[in-house]
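One structure is given here, and the rest of the page talks about it.
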Amino acid sequence: MARGERRRRPAPAEGQRTVERVSRGGPGRQGGGARGTAGGAALAVVVLALALALSGRWVLAWYRARRAVTLHSAPPALPPDSSGPAAAPDLFWGTYRPHVYFGMKTRSPKPLLTGLMWAQQGATPGTPRLRHTCEQGDGVGPYGWEFHDGLSFGRQHIQDGALWLTTEFVKRPGGQHGGDWSWRVTVEPQASGTSFLPLVSLFFYVVTDGQEVLRPEVETKGQLKFISGHTNELGDFRLTLLPPTSPGGAAPKYGSYNVFWSSNPGLPLLTDMVKSRLNSWFQHWPPGASPERYLGLPGSLKWEERGPSGHGQFLIQQVTLKVPFSVEFVFKSGSAQAGGNRALGQLTGSLLTQVLDSHVEAFRKRFEKTFQLKEKGLSPGEQVLGQVALSGLLGGIGYFYGQGLVLPDTGVEGSEQKEDPILFPPVPLFSGVPSRSFFPRGFLWDEGFHQLVVQRWDPFLTREAVGHWLGLLNADGWIGREQILGDEARARVPPEFLVQRAAHANPPTLLLPVWHMLEGGDPADLAFLRRAFPRLHAWFSWLHQSQAGPVPLSYRWRGRDPALPTLLNPKTLPSGLDDYPRASHPSATERHLDLRCWVALGARVLSQLAEQLGEAEAAAELSPLAASLEEQETLDKLHWAQELGVFADFGNHTKAVQLKPRPPQGQVRVVGQPQPRLQYVDALGYVSLFPFLLRLLDPSSPRLGPLLSLLADSRHLWSPFGLRSLAASSPFYNQRNSEHDPPYWRGAVWLNINYLALGALHYYGHLEGPHQAQAAKLHNELRANVVKNVWRQYEATGFLWEQYSDQDGRGMGCRPFQGWTSLILLIMAEDY
Ligand SMILES: *[C@@H]1O[C@H](CO)[C@@H](O)[C@H](O)[C@H]1NC(C)=O
């Protein structure tokens, strides 16, 4: 998935540049050139010409750099301020911090953020393990949203050793500032009937990023009553931590309180700051019980200035008590309360339970109405899987704001490595994320798949997300493939991977939900597409032009790794299929099949869109392009490898490459005989299927039969757990790319491509043609295999995974991965 940072290692191919070198200057390279023996008109002319050429090059570089970080001038796809509380009050607050176990924030460049940390006291000697941000290796899990409707409520379960936590929230609209909300956090012992009841601290915090005012209201004993505050966007508000009760809110329970208040040290530093303030002077001593020591924050409220770097405030309340219990945390908006919410009663206790229950009920009904899993005969367990897939995806939606780093396109391949990255303008992004623990930020090609699921549930959310992504378009029509916006996002990415290259593309999957909008014909979607059209068009045109291949109607991914001696096959991160084998020797003669198919799909969608919207000029340009790209003869001429019997990439290639141990360097690539030459690339796998995956073949195409046989053959792509990314018969199958680089797209089963394959089988299974029956049969078998395995792995581990082993089906890579693996829901619903 074009995620270089997945490999936790220094990146040899990416160079060792650091972010500190960010500067805005153009490249100050000066030629050595004419040494000055003065005299002679000819020499003067030469010098002058050289100077002009140099300055011309400099001006061009400067111009390119400016354009790389200039936002596109087309009107925005979303109305201005569309994220604000006035335009979209219902979406103003949300769980838009997917990388924390539980937290909410506002859709604002300067948000108010709230969050939860917790720790089991006395479980480990010394500092307790403080839980806050989702981590792969912290031992927490499984965890994830049981319900989340993307808008108004959610319920999440988290297993943490002996503890079982449930975090719930519900929003109540009202007023002009985004309304009210309530949280309930319930902690119970993991095993029922256990006699050991651990002592647990919950930490509820609120943090501001500058403009906001927080005023803690203190009781006589220095204890916090509530926090009141005011911001322009939120108006007046009040946050209250209610006294703990037994689970669900009946009987009161005894809790010990601590509190800490300081300037905001920076969002990535919150966990460490809390850890460093915990001390052991405290006793939890409920009446009638024996005292117990615990680690706590200071006992009473005192402002602590953190020095000049602090912007805004950080206020955190700790409540410590014995499990089981519930604690509620309530946000009341002044204008919502005055506008009628007060009369509805405080959203706590039994009323909160009631409201949550009615949301769950409504969710279940709407879920079945939308996806019809029960009606289609899926088991209760599979229905739960579908509901969890949707909820995890919606609960993973984040709101980010900040500046990315860009390496401008120099026009000369590879030379951007020598440039300095420059800052992109500050931009907001509302987007799903692939993984809350490992990839908690926006990824361009993942997002197209995410929105396929989201739009079935709530098309408004998809318009918001696609509209935000199109807002990232630069003057050339480029969108960076990984969006690392804001301090929290940046803190989680190694410096060498922060930079996005303006010459590199990524599959234009956002066109998949756009296609669905176009076919659905919802008037709100069409109105959105009308506004978005100039941006979609610019984005597509950039892709089509910038990634043009060596011959007309061929395309080539820019930005393959250079041929380093340590790499078995230089990676192609822009393609999204990172280490999928390509031509062994990267060169400008390459033609990439998957890219050509993406461009063909783009031309098809864009030309249909242009026609439907009456964009005559664009239609006149796009329709002929779409037609040429769909011509079977050209596709055959450029990509049909007669000798292999499949479609393939073309380039300077030899199969005779191997990694061999060469002390002291370690493994190095050895090229044997035959030497590389221009030919089709023998790498059977997902790439070979693309004309079929994107439904570019005519049902009567003579190529369809061979592709279906390849797909259905267990020596090649078919596994009992889904289609493998690379044929088991390939010499690259499950091969490492270097000593430090395990196989990624070299055999494992990926859900996004299996979804496309199922969609295509379903499509050809419904169209008359010589392969109709075979396609329909394969669809049913593949669907059953994929569903069975994802369900089995979920049942065993409680997670959806990044990829699945083609050998035993086990979940691999990072988890939870509720990005495109959530497509399992649409697969179950047979909704393609
Ligand atoms: C293919 O690569 C080899 C090794 O880099 C090179 O010597 C040869 O000239 C290349 N062939 C073509 C046709 O580009």
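Labeling convention for the structure tokens: chains A, B, ... as they appear, residues from 1 per chain, ligands from 1 in order of appearance.
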
Notebook entry, point to check: How would you write, as a ChimeraX atom specification, the set of residues no farther than 6 Å from ligand 1 when counting only C-alpha atoms and all ligand atoms?
Noted result: /A:585,652,676-678

I need the residues from that last selection saved to file as a CSV table (one decimal), in the first residue's frame (with all heavy atoms), if you can.
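And here's out-v1.csv as it stands now:
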```
chain,number,residue,atom,x,y,z
A,585,HIS,N,15.2,-4.4,-14.2
A,585,HIS,CA,16.1,-3.2,-14.4
A,585,HIS,C,15.2,-2.0,-14.8
A,585,HIS,O,14.9,-1.9,-15.9
A,585,HIS,CB,17.1,-3.5,-15.4
A,585,HIS,CG,18.1,-4.6,-15.0
A,585,HIS,ND1,17.8,-5.9,-14.8
A,585,HIS,CD2,19.5,-4.5,-14.7
A,585,HIS,CE1,18.9,-6.6,-14.4
A,585,HIS,NE2,19.9,-5.7,-14.3
A,652,ASN,N,12.8,-3.7,-19.3
A,652,ASN,CA,14.1,-4.3,-19.4
A,652,ASN,C,14.2,-5.3,-18.2
A,652,ASN,O,14.4,-5.0,-17.1
A,652,ASN,CB,15.2,-3.2,-19.2
A,652,ASN,CG,16.6,-3.8,-19.6
A,652,ASN,OD1,16.7,-4.9,-20.1
A,652,ASN,ND2,17.6,-3.0,-19.2
A,676,PRO,N,19.5,-9.1,-18.9
A,676,PRO,CA,18.2,-8.4,-19.1
A,676,PRO,C,18.0,-7.9,-20.5
A,676,PRO,O,19.0,-7.5,-21.2
A,676,PRO,CB,18.3,-7.2,-18.1
A,676,PRO,CG,19.7,-7.0,-17.8
A,676,PRO,CD,20.3,-8.4,-17.9
A,677,ARG,N,16.8,-8.0,-21.0
A,677,ARG,CA,16.5,-7.4,-22.3
A,677,ARG,C,15.1,-6.9,-22.3
A,677,ARG,O,14.3,-7.3,-21.4
A,677,ARG,CB,16.8,-8.4,-23.4
A,677,ARG,CG,15.9,-9.6,-23.3
A,677,ARG,CD,16.1,-10.7,-24.4
A,677,ARG,NE,15.3,-11.8,-24.2
A,677,ARG,CZ,14.0,-12.0,-24.6
A,677,ARG,NH1,13.3,-11.0,-25.2
A,677,ARG,NH2,13.3,-13.1,-24.3
A,678,LEU,N,14.7,-6.2,-23.3
A,678,LEU,CA,13.3,-5.7,-23.4
A,678,LEU,C,12.4,-6.8,-23.7
A,678,LEU,O,12.5,-7.5,-24.7
A,678,LEU,CB,13.2,-4.6,-24.5
A,678,LEU,CG,14.0,-3.3,-24.2
A,678,LEU,CD1,13.8,-2.3,-25.3
A,678,LEU,CD2,13.6,-2.7,-22.8
```

Note to self: Could you pull out the helix (DSSP H, G or I) residues of range 429-676 of chain A, going by DSSP on the backbone, and write them as a PyMOL selection string?
What the structure shows: chain A and resi 444-457+459-470+487-490+495-497+511-520+523-546+573-575+593-613+616-630+632-639

Would you mind exporting the chosen residues as an mmCIF file, in the first residue's frame, restricted to C-alpha atoms?
```
data_model
loop_
_atom_site.group_PDB
_atom_site.id
_atom_site.type_symbol
_atom_site.label_atom_id
_atom_site.label_comp_id
_atom_site.auth_asym_id
_atom_site.auth_seq_id
_atom_site.Cartn_x
_atom_site.Cartn_y
_atom_site.Cartn_z
ATOM 1 C CA LEU A 444 -4.941 8.288 -1.030
ATOM 2 C CA TRP A 445 -5.509 4.938 -2.636
ATOM 3 C CA ASP A 446 -6.892 3.330 0.507
ATOM 4 C CA GLU A 447 -9.469 6.071 0.773
ATOM 5 C CA GLY A 448 -11.208 5.190 -2.475
ATOM 6 C CA PHE A 449 -11.840 1.713 -1.092
ATOM 7 C CA HIS A 450 -12.933 3.073 2.303
ATOM 8 C CA GLN A 451 -15.504 5.314 0.722
ATOM 9 C CA LEU A 452 -17.032 2.447 -1.243
ATOM 10 C CA VAL A 453 -18.204 1.103 2.098
ATOM 11 C CA VAL A 454 -18.978 4.445 3.718
ATOM 12 C CA GLN A 455 -21.127 5.745 0.855
ATOM 13 C CA ARG A 456 -23.542 2.811 1.142
ATOM 14 C CA TRP A 457 -24.161 3.803 4.727
ATOM 15 C CA PRO A 459 -23.346 9.282 1.229
ATOM 16 C CA PHE A 460 -22.934 12.615 2.968
ATOM 17 C CA LEU A 461 -19.806 11.395 4.750
ATOM 18 C CA THR A 462 -18.346 10.250 1.434
ATOM 19 C CA ARG A 463 -18.945 13.628 -0.180
ATOM 20 C CA GLU A 464 -17.209 15.235 2.787
ATOM 21 C CA ALA A 465 -14.227 12.899 2.522
ATOM 22 C CA VAL A 466 -13.842 13.047 -1.269
ATOM 23 C CA GLY A 467 -14.352 16.821 -1.160
ATOM 24 C CA HIS A 468 -11.573 17.163 1.404
ATOM 25 C CA TRP A 469 -9.183 14.996 -0.591
ATOM 26 C CA LEU A 470 -9.837 17.076 -3.702
ATOM 27 C CA ASP A 487 1.958 17.321 15.090
ATOM 28 C CA GLU A 488 0.219 14.170 16.268
ATOM 29 C CA ALA A 489 0.404 12.583 12.809
ATOM 30 C CA ARG A 490 3.977 13.721 12.263
ATOM 31 C CA PRO A 495 11.508 11.700 9.237
ATOM 32 C CA GLU A 496 12.663 10.097 5.981
ATOM 33 C CA PHE A 497 9.089 9.144 5.144
ATOM 34 C CA LEU A 511 -12.937 7.395 -8.857
ATOM 35 C CA LEU A 512 -14.530 4.156 -7.634
ATOM 36 C CA PRO A 513 -16.928 5.879 -5.210
ATOM 37 C CA VAL A 514 -17.364 8.625 -7.818
ATOM 38 C CA TRP A 515 -18.439 5.970 -10.313
ATOM 39 C CA HIS A 516 -20.897 4.605 -7.790
ATOM 40 C CA MET A 517 -22.319 8.113 -7.267
ATOM 41 C CA LEU A 518 -22.688 8.532 -10.993
ATOM 42 C CA GLU A 519 -24.552 5.249 -11.360
ATOM 43 C CA GLY A 520 -26.703 5.822 -8.282
ATOM 44 C CA PRO A 523 -29.329 14.346 -6.692
ATOM 45 C CA ALA A 524 -27.124 15.412 -3.760
ATOM 46 C CA ASP A 525 -24.282 13.285 -5.154
ATOM 47 C CA LEU A 526 -24.725 14.743 -8.613
ATOM 48 C CA ALA A 527 -24.744 18.277 -7.261
ATOM 49 C CA PHE A 528 -21.517 17.448 -5.483
ATOM 50 C CA LEU A 529 -19.967 15.970 -8.623
ATOM 51 C CA ARG A 530 -20.861 19.101 -10.532
ATOM 52 C CA ARG A 531 -18.865 21.197 -8.058
ATOM 53 C CA ALA A 532 -16.089 18.619 -7.903
ATOM 54 C CA PHE A 533 -15.782 18.083 -11.635
ATOM 55 C CA PRO A 534 -13.054 20.637 -12.438
ATOM 56 C CA ARG A 535 -10.881 19.129 -9.688
ATOM 57 C CA LEU A 536 -11.534 15.535 -10.688
ATOM 58 C CA HIS A 537 -10.719 16.484 -14.250
ATOM 59 C CA ALA A 538 -7.485 18.246 -13.279
ATOM 60 C CA TRP A 539 -6.460 15.313 -11.111
ATOM 61 C CA PHE A 540 -7.088 12.808 -13.880
ATOM 62 C CA SER A 541 -5.360 14.947 -16.514
ATOM 63 C CA TRP A 542 -2.281 15.213 -14.351
ATOM 64 C CA LEU A 543 -2.175 11.434 -13.923
ATOM 65 C CA HIS A 544 -2.672 10.771 -17.616
ATOM 66 C CA GLN A 545 -0.011 13.268 -18.686
ATOM 67 C CA SER A 546 2.624 12.986 -15.989
ATOM 68 C CA LEU A 573 5.711 2.419 -4.033
ATOM 69 C CA PRO A 574 3.522 4.790 -6.115
ATOM 70 C CA SER A 575 1.628 1.816 -7.569
ATOM 71 C CA LEU A 593 -0.275 -2.638 -17.014
ATOM 72 C CA ASP A 594 -2.047 -1.729 -13.771
ATOM 73 C CA LEU A 595 -1.451 1.969 -14.339
ATOM 74 C CA ARG A 596 -2.785 1.800 -17.872
ATOM 75 C CA CYS A 597 -5.929 0.154 -16.526
ATOM 76 C CA TRP A 598 -6.348 2.793 -13.817
ATOM 77 C CA VAL A 599 -6.031 5.513 -16.451
ATOM 78 C CA ALA A 600 -8.538 3.704 -18.683
ATOM 79 C CA LEU A 601 -10.975 3.475 -15.791
ATOM 80 C CA GLY A 602 -10.406 7.161 -15.035
ATOM 81 C CA ALA A 603 -11.067 8.157 -18.632
ATOM 82 C CA ARG A 604 -14.231 6.067 -18.658
ATOM 83 C CA VAL A 605 -15.594 7.549 -15.413
ATOM 84 C CA LEU A 606 -14.594 11.114 -16.241
ATOM 85 C CA SER A 607 -15.999 11.038 -19.760
ATOM 86 C CA GLN A 608 -19.308 9.628 -18.524
ATOM 87 C CA LEU A 609 -19.377 12.270 -15.849
ATOM 88 C CA ALA A 610 -18.604 15.038 -18.315
ATOM 89 C CA GLU A 611 -21.399 13.859 -20.567
ATOM 90 C CA GLN A 612 -23.899 13.609 -17.772
ATOM 91 C CA LEU A 613 -23.019 17.069 -16.481
ATOM 92 C CA ALA A 616 -19.213 19.494 -23.614
ATOM 93 C CA GLU A 617 -15.620 20.595 -23.942
ATOM 94 C CA ALA A 618 -14.307 18.090 -21.424
ATOM 95 C CA ALA A 619 -16.460 15.333 -22.903
ATOM 96 C CA ALA A 620 -15.055 16.036 -26.357
ATOM 97 C CA GLU A 621 -11.571 15.586 -24.945
ATOM 98 C CA LEU A 622 -12.227 12.623 -22.654
ATOM 99 C CA SER A 623 -14.529 10.412 -24.705
ATOM 100 C CA PRO A 624 -12.050 9.707 -27.516
ATOM 101 C CA LEU A 625 -9.343 9.039 -24.933
ATOM 102 C CA ALA A 626 -11.605 6.617 -23.088
ATOM 103 C CA ALA A 627 -12.459 4.877 -26.344
ATOM 104 C CA SER A 628 -8.812 4.495 -27.358
ATOM 105 C CA LEU A 629 -7.869 3.187 -23.956
ATOM 106 C CA GLU A 630 -10.595 0.585 -24.124
ATOM 107 C CA GLN A 632 -8.738 -4.306 -27.133
ATOM 108 C CA GLU A 633 -6.207 -4.248 -29.971
ATOM 109 C CA THR A 634 -4.075 -1.535 -28.403
ATOM 110 C CA LEU A 635 -4.236 -3.255 -25.054
ATOM 111 C CA ASP A 636 -3.136 -6.479 -26.737
ATOM 112 C CA LYS A 637 -0.377 -4.756 -28.644
ATOM 113 C CA LEU A 638 1.063 -3.099 -25.560
ATOM 114 C CA HIS A 639 0.480 -5.730 -22.914
#
```

Next item on the list: Give the answer as one residue: which of A:Arg57, A:Lys374, A:His177, A:His653 has the shortest atom-to-atom distance to Arg107 in chain A, using only C-alpha atoms?
Entry: A:His177

Next item on the list: To one decimal in Å, tell me the separation between CA of Thr208 in chain A and CA of Leu112 in chain A.
Entry: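 The value is 5.0 Å.
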
Margin query: So that I can check the surroundings of range 393-396 of chain A, please list as a ChimeraX atom specification every protein, DNA and RNA residue that reaches within 9 Å of it, counting only C-alpha atoms and ignoring chain neighbours fewer than 4 positions away.
Written below: /A:94-99,144-145,147-151,154,388-389,431-436,440,450,453-454,817-820,822

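Counting only C-alpha atoms, the residue from A:Ser714, A:Gln318, A:Asn258, A:Thr348 that sits nearest to Pro298 in chain A is A:Asn258.
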
Note to self: Would you compute the distance between CA of Pro428 in chain A and CA of Gly84 in chain A? Give it in Å to one decimal.
What the structure shows: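 Atom-to-atom, CA of Pro428 in chain A and CA of Gly84 in chain A are spaced 11.7 Å apart.
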
Note to self: as a PyMOL selection string, please: every residue in range 64-291 of chain A that DSSP puts in strand (DSSP E or B).
What the structure shows: chain A and resi 71+93-94+100+103-106+112-121+131+133+143-148+153-160+163-172+180-189+199-208+213-218+224-231+235-241+245+252+256-263+279-284

Item checked: Contact residues around Tyr755 in chain A with only C-alpha atoms at 9 Å, ignoring same-chain residues under 6 positions, as a list in words ->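 Listing them by chain and then by number gives Arg783, Leu823, Ile824, Leu826, Ile827 and Tyr832 of chain A.
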
Take the residues from that selection and write them out as a CSV table (one decimal), in the first residue's frame, keeping N, CA, C and O atoms.
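This is the output file again23.csv:
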```csv
chain,number,residue,atom,x,y,z
A,783,ARG,N,-16.1,-15.9,-3.0
A,783,ARG,CA,-16.7,-15.2,-2.0
A,783,ARG,C,-16.8,-16.0,-0.7
A,783,ARG,O,-16.5,-15.6,0.4
A,823,LEU,N,-14.1,-4.0,3.5
A,823,LEU,CA,-14.8,-4.4,2.3
A,823,LEU,C,-15.4,-5.8,2.4
A,823,LEU,O,-16.3,-6.1,1.6
A,824,ILE,N,-15.0,-6.5,3.4
A,824,ILE,CA,-15.7,-7.8,3.7
A,824,ILE,C,-17.2,-7.6,3.8
A,824,ILE,O,-18.0,-8.5,3.4
A,826,LEU,N,-19.1,-5.5,2.1
A,826,LEU,CA,-19.7,-5.4,0.8
A,826,LEU,C,-19.7,-6.7,0.1
A,826,LEU,O,-20.5,-7.1,-0.7
A,827,ILE,N,-18.6,-7.5,0.4
A,827,ILE,CA,-18.5,-8.8,-0.2
A,827,ILE,C,-19.6,-9.7,0.3
A,827,ILE,O,-20.3,-10.4,-0.4
A,832,TYR,N,-21.3,-4.6,-5.3
A,832,TYR,CA,-20.0,-4.3,-6.0
A,832,TYR,C,-20.1,-3.0,-6.8
A,832,TYR,O,-21.1,-2.8,-7.4
```

Check: With distances taken over only C-alpha atoms, which of A:Ala68, A:Pro706, A:Ile397, A:Val412 is nearest to Ile479 in chain A?
Finding: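 Counting only C-alpha atoms, the residue closest to Ile479 in chain A is A:Ala68.
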
Next item on the list: Please provide the set of residues having any atom within 8 Å of Gln387 in chain A, restricted to only C-alpha atoms, with same-chain residues fewer than 2 positions apart removed, written as a ChimeraX atom specification.
Entry: /A:146-147,367,383-385,389-391,825

Generate a file of the selected residues that holds all heavy atoms, formatted as a CSV table (one decimal), in the first residue's frame.
```csv
chain,number,residue,atom,x,y,z
A,146,GLU,N,-17.9,-1.8,18.4
A,146,GLU,CA,-19.0,-2.7,18.2
A,146,GLU,C,-20.1,-2.0,17.3
A,146,GLU,O,-20.6,-2.6,16.4
A,146,GLU,CB,-19.6,-3.2,19.5
A,146,GLU,CG,-20.7,-4.2,19.3
A,146,GLU,CD,-21.4,-4.5,20.7
A,146,GLU,OE1,-21.2,-3.8,21.7
A,146,GLU,OE2,-22.3,-5.4,20.7
A,147,PHE,N,-20.3,-0.8,17.7
A,147,PHE,CA,-21.2,0.1,16.9
A,147,PHE,C,-20.6,1.4,16.7
A,147,PHE,O,-19.9,1.9,17.6
A,147,PHE,CB,-22.5,0.3,17.7
A,147,PHE,CG,-23.3,-0.9,18.0
A,147,PHE,CD1,-23.3,-1.5,19.2
A,147,PHE,CD2,-24.1,-1.5,17.0
A,147,PHE,CE1,-24.0,-2.7,19.5
A,147,PHE,CE2,-24.8,-2.7,17.2
A,147,PHE,CZ,-24.8,-3.3,18.5
A,367,PHE,N,-28.8,-1.0,9.5
A,367,PHE,CA,-27.8,-1.9,9.0
A,367,PHE,C,-28.4,-3.0,8.1
A,367,PHE,O,-27.9,-3.3,7.0
A,367,PHE,CB,-26.9,-2.5,10.2
A,367,PHE,CG,-25.8,-3.4,9.7
A,367,PHE,CD1,-24.6,-2.8,9.3
A,367,PHE,CD2,-25.9,-4.7,9.7
A,367,PHE,CE1,-23.6,-3.6,8.8
A,367,PHE,CE2,-24.8,-5.5,9.3
A,367,PHE,CZ,-23.7,-4.9,8.8
A,383,GLN,N,-22.9,-11.6,10.5
A,383,GLN,CA,-23.6,-10.3,10.6
A,383,GLN,C,-22.9,-9.4,11.5
A,383,GLN,O,-22.7,-8.2,11.3
A,383,GLN,CB,-25.1,-10.5,11.0
A,383,GLN,CG,-25.9,-11.2,9.9
A,383,GLN,CD,-27.3,-11.5,10.5
A,383,GLN,OE1,-27.9,-10.7,11.2
A,383,GLN,NE2,-27.8,-12.8,10.2
A,384,VAL,N,-22.4,-10.0,12.7
A,384,VAL,CA,-21.7,-9.2,13.6
A,384,VAL,C,-20.4,-8.7,13.0
A,384,VAL,O,-20.0,-7.6,13.1
A,384,VAL,CB,-21.4,-10.0,14.9
A,384,VAL,CG1,-20.3,-9.3,15.7
A,384,VAL,CG2,-22.6,-10.3,15.7
A,385,LEU,N,-19.7,-9.6,12.2
A,385,LEU,CA,-18.5,-9.2,11.5
A,385,LEU,C,-18.7,-8.0,10.6
A,385,LEU,O,-18.0,-7.0,10.6
A,385,LEU,CB,-17.9,-10.4,10.7
A,385,LEU,CG,-16.8,-10.1,9.7
A,385,LEU,CD1,-15.5,-9.7,10.5
A,385,LEU,CD2,-16.5,-11.3,8.8
A,389,ALA,N,-17.1,-4.4,11.0
A,389,ALA,CA,-16.3,-3.8,9.9
A,389,ALA,C,-16.7,-2.4,9.6
A,389,ALA,O,-15.9,-1.5,9.5
A,389,ALA,CB,-16.4,-4.7,8.7
A,390,LEU,N,-18.0,-2.2,9.5
A,390,LEU,CA,-18.5,-0.9,9.2
A,390,LEU,C,-18.2,0.1,10.4
A,390,LEU,O,-17.7,1.2,10.1
A,390,LEU,CB,-20.0,-0.9,9.0
A,390,LEU,CG,-20.7,0.4,8.8
A,390,LEU,CD1,-20.3,1.1,7.5
A,390,LEU,CD2,-22.2,0.3,9.0
A,391,SER,N,-18.5,-0.4,11.6
A,391,SER,CA,-18.3,0.5,12.7
A,391,SER,C,-16.8,0.9,12.9
A,391,SER,O,-16.5,2.0,13.2
A,391,SER,CB,-18.8,-0.2,14.0
A,391,SER,OG,-20.1,-0.5,13.9
A,825,LEU,N,-17.6,-6.5,4.3
A,825,LEU,CA,-19.0,-6.2,4.5
A,825,LEU,C,-19.7,-6.2,3.1
A,825,LEU,O,-20.7,-6.8,2.9
A,825,LEU,CB,-19.2,-4.9,5.2
A,825,LEU,CG,-20.7,-4.3,5.2
A,825,LEU,CD1,-21.7,-5.3,5.8
A,825,LEU,CD2,-20.7,-3.0,6.0
```

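Nearest to Asp272 in chain A of all the residues A:Trp745, A:Trp801, A:Leu130, A:Leu234 is A:Leu130, counting only C-alpha atoms.
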
Next item on the list: Just the residues within 12 Å of Leu704 in chain A, please, counting only C-alpha atoms, with nothing from its chain fewer than 4 positions along; format it as a VMD selection string.
Entry: chain A and resid 632 645 to 647 688 to 693 695 to 700 708 to 711 760 to 761 764 to 765 769 to 772 774 to 775

What would the file look like if the residues just selected were written as a compact mmCIF listing (two decimals), in the first residue's frame with N, CA and C atoms?
```txt
# COMPACT_ATOMS: atom_id res chain seq x y z
N GLN A 632 -9.40 -3.06 -27.51
CA GLN A 632 -8.74 -4.31 -27.13
C GLN A 632 -7.43 -4.50 -27.91
N GLY A 645 1.08 -16.05 -22.14
CA GLY A 645 -0.36 -16.30 -22.15
C GLY A 645 -1.15 -15.43 -21.20
N VAL A 646 -0.58 -14.29 -20.85
CA VAL A 646 -1.29 -13.34 -19.97
C VAL A 646 -0.94 -11.91 -20.36
N PHE A 647 -1.70 -10.97 -19.78
CA PHE A 647 -1.30 -9.57 -19.86
C PHE A 647 -0.13 -9.35 -18.89
N SER A 688 -1.42 -8.90 -13.40
CA SER A 688 -1.87 -9.57 -14.63
C SER A 688 -3.39 -9.50 -14.80
N LEU A 689 -4.09 -9.35 -13.68
CA LEU A 689 -5.55 -9.40 -13.73
C LEU A 689 -6.21 -8.05 -14.00
N PHE A 690 -5.45 -6.96 -14.02
CA PHE A 690 -6.07 -5.64 -13.99
C PHE A 690 -7.12 -5.35 -15.08
N PRO A 691 -6.90 -5.76 -16.33
CA PRO A 691 -7.94 -5.46 -17.33
C PRO A 691 -9.28 -6.12 -16.97
N PHE A 692 -9.18 -7.25 -16.28
CA PHE A 692 -10.36 -7.95 -15.81
C PHE A 692 -10.89 -7.28 -14.53
N LEU A 693 -9.99 -6.99 -13.58
CA LEU A 693 -10.41 -6.41 -12.30
C LEU A 693 -11.21 -5.13 -12.50
N ARG A 695 -12.82 -4.30 -15.14
CA ARG A 695 -13.91 -4.58 -16.09
C ARG A 695 -13.69 -3.88 -17.43
N LEU A 696 -12.45 -3.95 -17.91
CA LEU A 696 -12.14 -3.30 -19.17
C LEU A 696 -12.23 -4.24 -20.35
N LEU A 697 -12.46 -5.53 -20.06
CA LEU A 697 -12.54 -6.50 -21.16
C LEU A 697 -13.99 -6.69 -21.58
N ASP A 698 -14.17 -6.86 -22.84
CA ASP A 698 -15.48 -7.21 -23.36
C ASP A 698 -15.81 -8.64 -22.91
N PRO A 699 -17.09 -8.92 -22.58
CA PRO A 699 -17.41 -10.29 -22.13
C PRO A 699 -17.05 -11.35 -23.18
N SER A 700 -16.96 -10.94 -24.42
CA SER A 700 -16.62 -11.93 -25.44
C SER A 700 -15.12 -11.95 -25.76
N LEU A 708 -9.40 -16.17 -16.43
CA LEU A 708 -10.20 -16.91 -15.45
C LEU A 708 -9.52 -18.22 -15.07
N SER A 709 -8.89 -18.88 -16.05
CA SER A 709 -8.21 -20.14 -15.72
C SER A 709 -7.03 -19.90 -14.78
N LEU A 710 -6.32 -18.83 -15.05
CA LEU A 710 -5.19 -18.47 -14.20
C LEU A 710 -5.64 -18.21 -12.77
N LEU A 711 -6.73 -17.47 -12.68
CA LEU A 711 -7.26 -17.08 -11.38
C LEU A 711 -7.76 -18.29 -10.60
N ALA A 760 -15.72 -8.09 -10.41
CA ALA A 760 -15.58 -8.40 -11.83
C ALA A 760 -16.23 -9.75 -12.15
N LEU A 761 -16.03 -10.73 -11.29
CA LEU A 761 -16.66 -12.04 -11.52
C LEU A 761 -18.18 -11.92 -11.52
N TYR A 764 -19.13 -10.16 -14.89
CA TYR A 764 -19.10 -11.04 -16.07
C TYR A 764 -20.06 -12.22 -15.89
N GLY A 765 -20.37 -12.54 -14.66
CA GLY A 765 -21.34 -13.60 -14.40
C GLY A 765 -22.76 -13.18 -14.74
N GLY A 769 -22.11 -14.18 -22.43
CA GLY A 769 -20.80 -14.38 -23.02
C GLY A 769 -20.36 -15.81 -22.78
N PRO A 770 -19.29 -16.21 -23.43
CA PRO A 770 -18.85 -17.60 -23.33
C PRO A 770 -18.39 -17.99 -21.92
N HIS A 771 -18.11 -17.00 -21.07
CA HIS A 771 -17.56 -17.34 -19.75
C HIS A 771 -18.51 -16.99 -18.61
N GLN A 772 -19.75 -16.71 -18.97
CA GLN A 772 -20.70 -16.25 -17.98
C GLN A 772 -20.85 -17.25 -16.82
N GLN A 774 -18.93 -19.74 -15.90
CA GLN A 774 -17.70 -19.94 -15.15
C GLN A 774 -17.46 -18.79 -14.17
N ALA A 775 -17.70 -17.56 -14.64
CA ALA A 775 -17.50 -16.39 -13.78
C ALA A 775 -18.43 -16.44 -12.58
```
